Amino acid sequence: LQKTSKSAVLREVGKPLEIVSVPIPEVRPGAILVKIEMAGVCGTDVHIMEGKVPVVTPTILGHENVGTIVKIGKDVHVDAAGVPVYEGDRVVCYAPVSCGRCYFCNVLKQPTRCINRISYGGWMRCDEYPYLVGGFSEYIYLLTQNNIVKISKEVPLKAAVLLGCAMRTIIHGLERIGHIKVGDIVVIQGSGPVGISGLIIARESGASKVIVIGAPRSRLELAKKFGADYTIDIEEVRDQGNRVKQILELTDGLGADIVLECAGVPSAVKEGIDMVRDGGKYLILGHYANSGTIDINPHFITKKQISIFGSWSSEPRHLVFGVKLMERIYKKYPFEEMISKTFPLEKVNDAIELMKHGKVMKSVIVP
Ligand SMILES: [Zn+2]
Ligand SMILES: [Zn+2]
């Protein structure tokens with residue numbers, strides 16, 4: 001095994017990543033060393049580079065990682081699902097690490113709000129153990145069995161990489177609202193990877209109608225291929241009132257049973273409240289970054305008697321559920337078309353730049 005890993009290090013927010021050699025530590029009991037096969041570039045990486053999501057430095061970005069186990073510390077035998085793992089297995093990495101001991105972890109059972117929570121891909125330093133703390137790297141060093149879920153090698157990397165962030169995030173959010181039910185009409189605000197993941201789950205859950213609102217047109221065309229019944233292009237229908245009107249027309253004047261906000265744009269929330277039916281549910285999922293405020297009239301939340309939910313990241317089990325689902329559906333949806341561009345590690349800054357302009361659905365790094 002090599003002594004060092006080539007990794008893309010973020011020394012200072014706003015400065016480009018630098019490719020440097022990072023030590024590969026000896027794999028301690030309980031830990032796992034994974035060779036990265038594919039790492040997704042997330043909208044969050046763009047927000048990190050813009051200073052909108054706080055991180056520690058120096059660090060290694062990349063929290064959507066799929067790879068092969070190359071070394072197992074002596075007492076790790078199972079993944080987060082309790083499935084035995086061996087060197088040579090392909091795994092999806094689960095980036096966050098919760099402490100398991102704080103009030104949120106242990107009493108409230110909401111480990112996403114853990115007060116000691118850290119995460120790979122920006123929230124751990126790369127100049128101290130375990131050094132390999134992100135996926136824009138040849139290798140990543142994972143601290144616990146909760147950081148991996150084994151996945152069949154039949155699932156293409158371009159489908160597996162979606163599980164590392166977008167899919168597990170929407171699965172968690174939908175669990176919080178009590179899931180999509182057979183016959184539900186679902187409106188999805190946002191046509192990025194989280195929105196498309198919501199669309200897939202809506203289709204698999206038996207939704208009667210799924211409407212995706214977003215841009216650009218290429219993303220909406222892809223949404224159609226993933227099963228959207230209708231799409232609304234916000235670059236064409238620029239007026240919020242007109243978009244709400246279209247939703248009401250598509251729902252017999254009632255509004256949607258469920259609206260999923262996967263846009264990360266504050267004004268979408270005002271619009272979403274107008275789109276949900278009386279007594280319906282609104283999940284606000286897209287505001288991982290702090291994008292500012294918006295005026296809302298609370299009267300309509302009361303009068304419409306709607307339920308509004310927030311959801312942050314996910315728990316390891318949501319990745320487990322995502323992997324189980326993906327192993328069944330990977331042939332059914334055009335996942336290959338979602339990954340617009342593949343970059344070598346050396347071109348990581350170009351990959352992030354491309355994501356910044358929202359023209360591509362997702363770019364990935366293949367170290
Ligand atoms: Zn992400
Ligand atoms: Zn905790």
# chains A, B, ... in the order shown; residues from 1 in each chain; ligands from 1
>>> residues_near_ligand(ligand="ligand 1", cutoff="6 Å", atoms="only C-alpha atoms and all ligand atoms", output="list in words")
Cys42, Thr44 and Cys165 of chain A
>>> residues_around(residues="Thr302 in chain A", least_positions_apart="6", cutoff="12 Å", atoms="only C-alpha atoms", output="list in words")
Ile273, Asp278, Gly279, Gly280 and Ile308 of chain A
>>> residues_near_ligand(ligand="ligand 2", cutoff="6 Å", atoms="only C-alpha atoms and all ligand atoms", output="list in words")
Ser98, Cys99, Gly100, Arg101, Cys102, Phe104, Cys105, Pro111, Cys114, Ile115 and Asn116 of chain A
>>> write_last_selection(atoms="C-alpha atoms", output="mmCIF file, in the first residue's frame")
data_model
loop_
_atom_site.group_PDB
_atom_site.id
_atom_site.type_symbol
_atom_site.label_atom_id
_atom_site.label_comp_id
_atom_site.auth_asym_id
_atom_site.auth_seq_id
_atom_site.Cartn_x
_atom_site.Cartn_y
_atom_site.Cartn_z
ATOM 1 C CA SER A 98 -22.476 11.758 15.191
ATOM 2 C CA CYS A 99 -21.209 11.195 18.723
ATOM 3 C CA GLY A 100 -23.931 8.845 19.994
ATOM 4 C CA ARG A 101 -23.652 10.308 23.504
ATOM 5 C CA CYS A 102 -25.165 13.817 23.481
ATOM 6 C CA PHE A 104 -29.805 14.778 20.670
ATOM 7 C CA CYS A 105 -28.119 11.468 19.845
ATOM 8 C CA PRO A 111 -28.423 12.417 15.600
ATOM 9 C CA CYS A 114 -25.790 16.036 17.377
ATOM 10 C CA ILE A 115 -23.883 18.832 19.128
ATOM 11 C CA ASN A 116 -20.569 17.096 18.354
#
>>> residues_around(residues="Ser119 in chain A", least_positions_apart="2", cutoff="12 Å", atoms="only C-alpha atoms", output="count of residues only")
35
>>> select_by_dssp(residues="range 133-317 of chain A", states="strand (DSSP E or B)", output="PDB file with C-alpha atoms, in the first residue's frame")
ATOM      1  CA  SER A 137      -8.648  12.320  -2.979  1.00  0.00           C
ATOM      2  CA  TYR A 139      -8.067   7.517  -0.587  1.00  0.00           C
ATOM      3  CA  ILE A 140     -10.439   8.278   2.269  1.00  0.00           C
ATOM      4  CA  TYR A 141     -10.038   7.022   5.844  1.00  0.00           C
ATOM      5  CA  LEU A 142     -13.346   6.224   7.543  1.00  0.00           C
ATOM      6  CA  ILE A 148     -19.984   2.735   4.943  1.00  0.00           C
ATOM      7  CA  VAL A 149     -22.788   0.836   3.256  1.00  0.00           C
ATOM      8  CA  LYS A 150     -21.881  -2.032   0.960  1.00  0.00           C
ATOM      9  CA  ILE A 185     -49.953  14.720  -5.932  1.00  0.00           C
ATOM     10  CA  VAL A 186     -46.396  15.900  -5.384  1.00  0.00           C
ATOM     11  CA  VAL A 187     -44.854  19.205  -6.450  1.00  0.00           C
ATOM     12  CA  ILE A 188     -41.064  19.380  -6.422  1.00  0.00           C
ATOM     13  CA  GLN A 189     -39.427  22.810  -6.384  1.00  0.00           C
ATOM     14  CA  LYS A 209     -48.978  13.090 -10.333  1.00  0.00           C
ATOM     15  CA  VAL A 210     -45.507  14.582  -9.975  1.00  0.00           C
ATOM     16  CA  ILE A 211     -44.745  18.116 -11.123  1.00  0.00           C
ATOM     17  CA  VAL A 212     -41.179  19.442 -11.188  1.00  0.00           C
ATOM     18  CA  ILE A 213     -40.511  23.195 -11.175  1.00  0.00           C
ATOM     19  CA  GLY A 214     -37.025  24.354 -12.126  1.00  0.00           C
ATOM     20  CA  TYR A 230     -45.371  17.922 -15.865  1.00  0.00           C
ATOM     21  CA  THR A 231     -42.556  20.412 -15.607  1.00  0.00           C
ATOM     22  CA  ILE A 232     -42.655  24.170 -15.179  1.00  0.00           C
ATOM     23  CA  ASP A 233     -39.663  26.129 -16.463  1.00  0.00           C
ATOM     24  CA  ALA A 256     -50.609  19.612  -4.041  1.00  0.00           C
ATOM     25  CA  ASP A 257     -50.836  17.086  -1.220  1.00  0.00           C
ATOM     26  CA  ILE A 258     -47.090  17.426  -0.724  1.00  0.00           C
ATOM     27  CA  VAL A 259     -44.638  20.111  -1.834  1.00  0.00           C
ATOM     28  CA  LEU A 260     -40.921  19.368  -1.613  1.00  0.00           C
ATOM     29  CA  GLU A 261     -38.644  22.409  -1.569  1.00  0.00           C
ATOM     30  CA  VAL A 276     -49.725  23.145  -1.073  1.00  0.00           C
ATOM     31  CA  ARG A 277     -53.397  22.226  -0.588  1.00  0.00           C
ATOM     32  CA  ASP A 278     -55.320  22.958   2.599  1.00  0.00           C
ATOM     33  CA  GLY A 279     -54.178  20.435   5.182  1.00  0.00           C
ATOM     34  CA  GLY A 280     -51.204  19.452   3.030  1.00  0.00           C
ATOM     35  CA  LYS A 281     -47.526  19.073   3.875  1.00  0.00           C
ATOM     36  CA  TYR A 282     -44.550  21.237   2.974  1.00  0.00           C
ATOM     37  CA  LEU A 283     -40.994  19.944   3.360  1.00  0.00           C
ATOM     38  CA  ILE A 284     -38.239  22.585   3.327  1.00  0.00           C
ATOM     39  CA  SER A 307     -47.763  21.248   8.157  1.00  0.00           C
ATOM     40  CA  ILE A 308     -44.290  22.617   7.488  1.00  0.00           C
ATOM     41  CA  PHE A 309     -41.244  20.439   8.123  1.00  0.00           C
ATOM     42  CA  GLY A 310     -37.518  21.040   8.148  1.00  0.00           C
TER      43      GLY A 310
END
>>> residues_around(residues="Gly67 in chain A", least_positions_apart="2", cutoff="9 Å", atoms="only C-alpha atoms", output="MDAnalysis selection string")
chainID A and resid 34:39 65 69 89:93 139:140 157
>>> closest_residue(among="A:Phe300, A:Tyr333, A:Tyr131, A:Tyr103", to="Thr4 in chain A", atoms="only C-alpha atoms")
A:Tyr131
>>> closest_residue(among="A:Glu235, A:Glu18, A:Gly30, A:Met275", to="Val348 in chain A", atoms="only C-alpha atoms")
A:Glu18
>>> closest_residue(among="A:Leu220, A:Val41, A:Leu354, A:Met167", to="Ile200 in chain A", atoms="only C-alpha atoms")
A:Met167
>>> closest_residue(among="A:Glu353, A:Glu175, A:Glu337, A:Glu128", to="Lys158 in chain A", atoms="only C-alpha atoms")
A:Glu337
>>> atom_distance(atom1="CA of Leu345 in chain A", atom2="CA of Ile19 in chain A")
8.0 Å
>>> select_by_dssp(residues="range 77-262 of chain A", states="helix (DSSP H, G or I)", output="PyMOL selection string")
chain A and resi 103-107+111-113+145-147+157-164+166-176+193-205+217-225+240-250
>>> atom_distance(atom1="CA of Lys6 in chain A", atom2="CA of Pro84 in chain A")
29.0 Å
>>> residues_around(residues="Lys74 in chain A", least_positions_apart="6", cutoff="9 Å", atoms="only C-alpha atoms", output="number ranges by chain")
A: 27-31
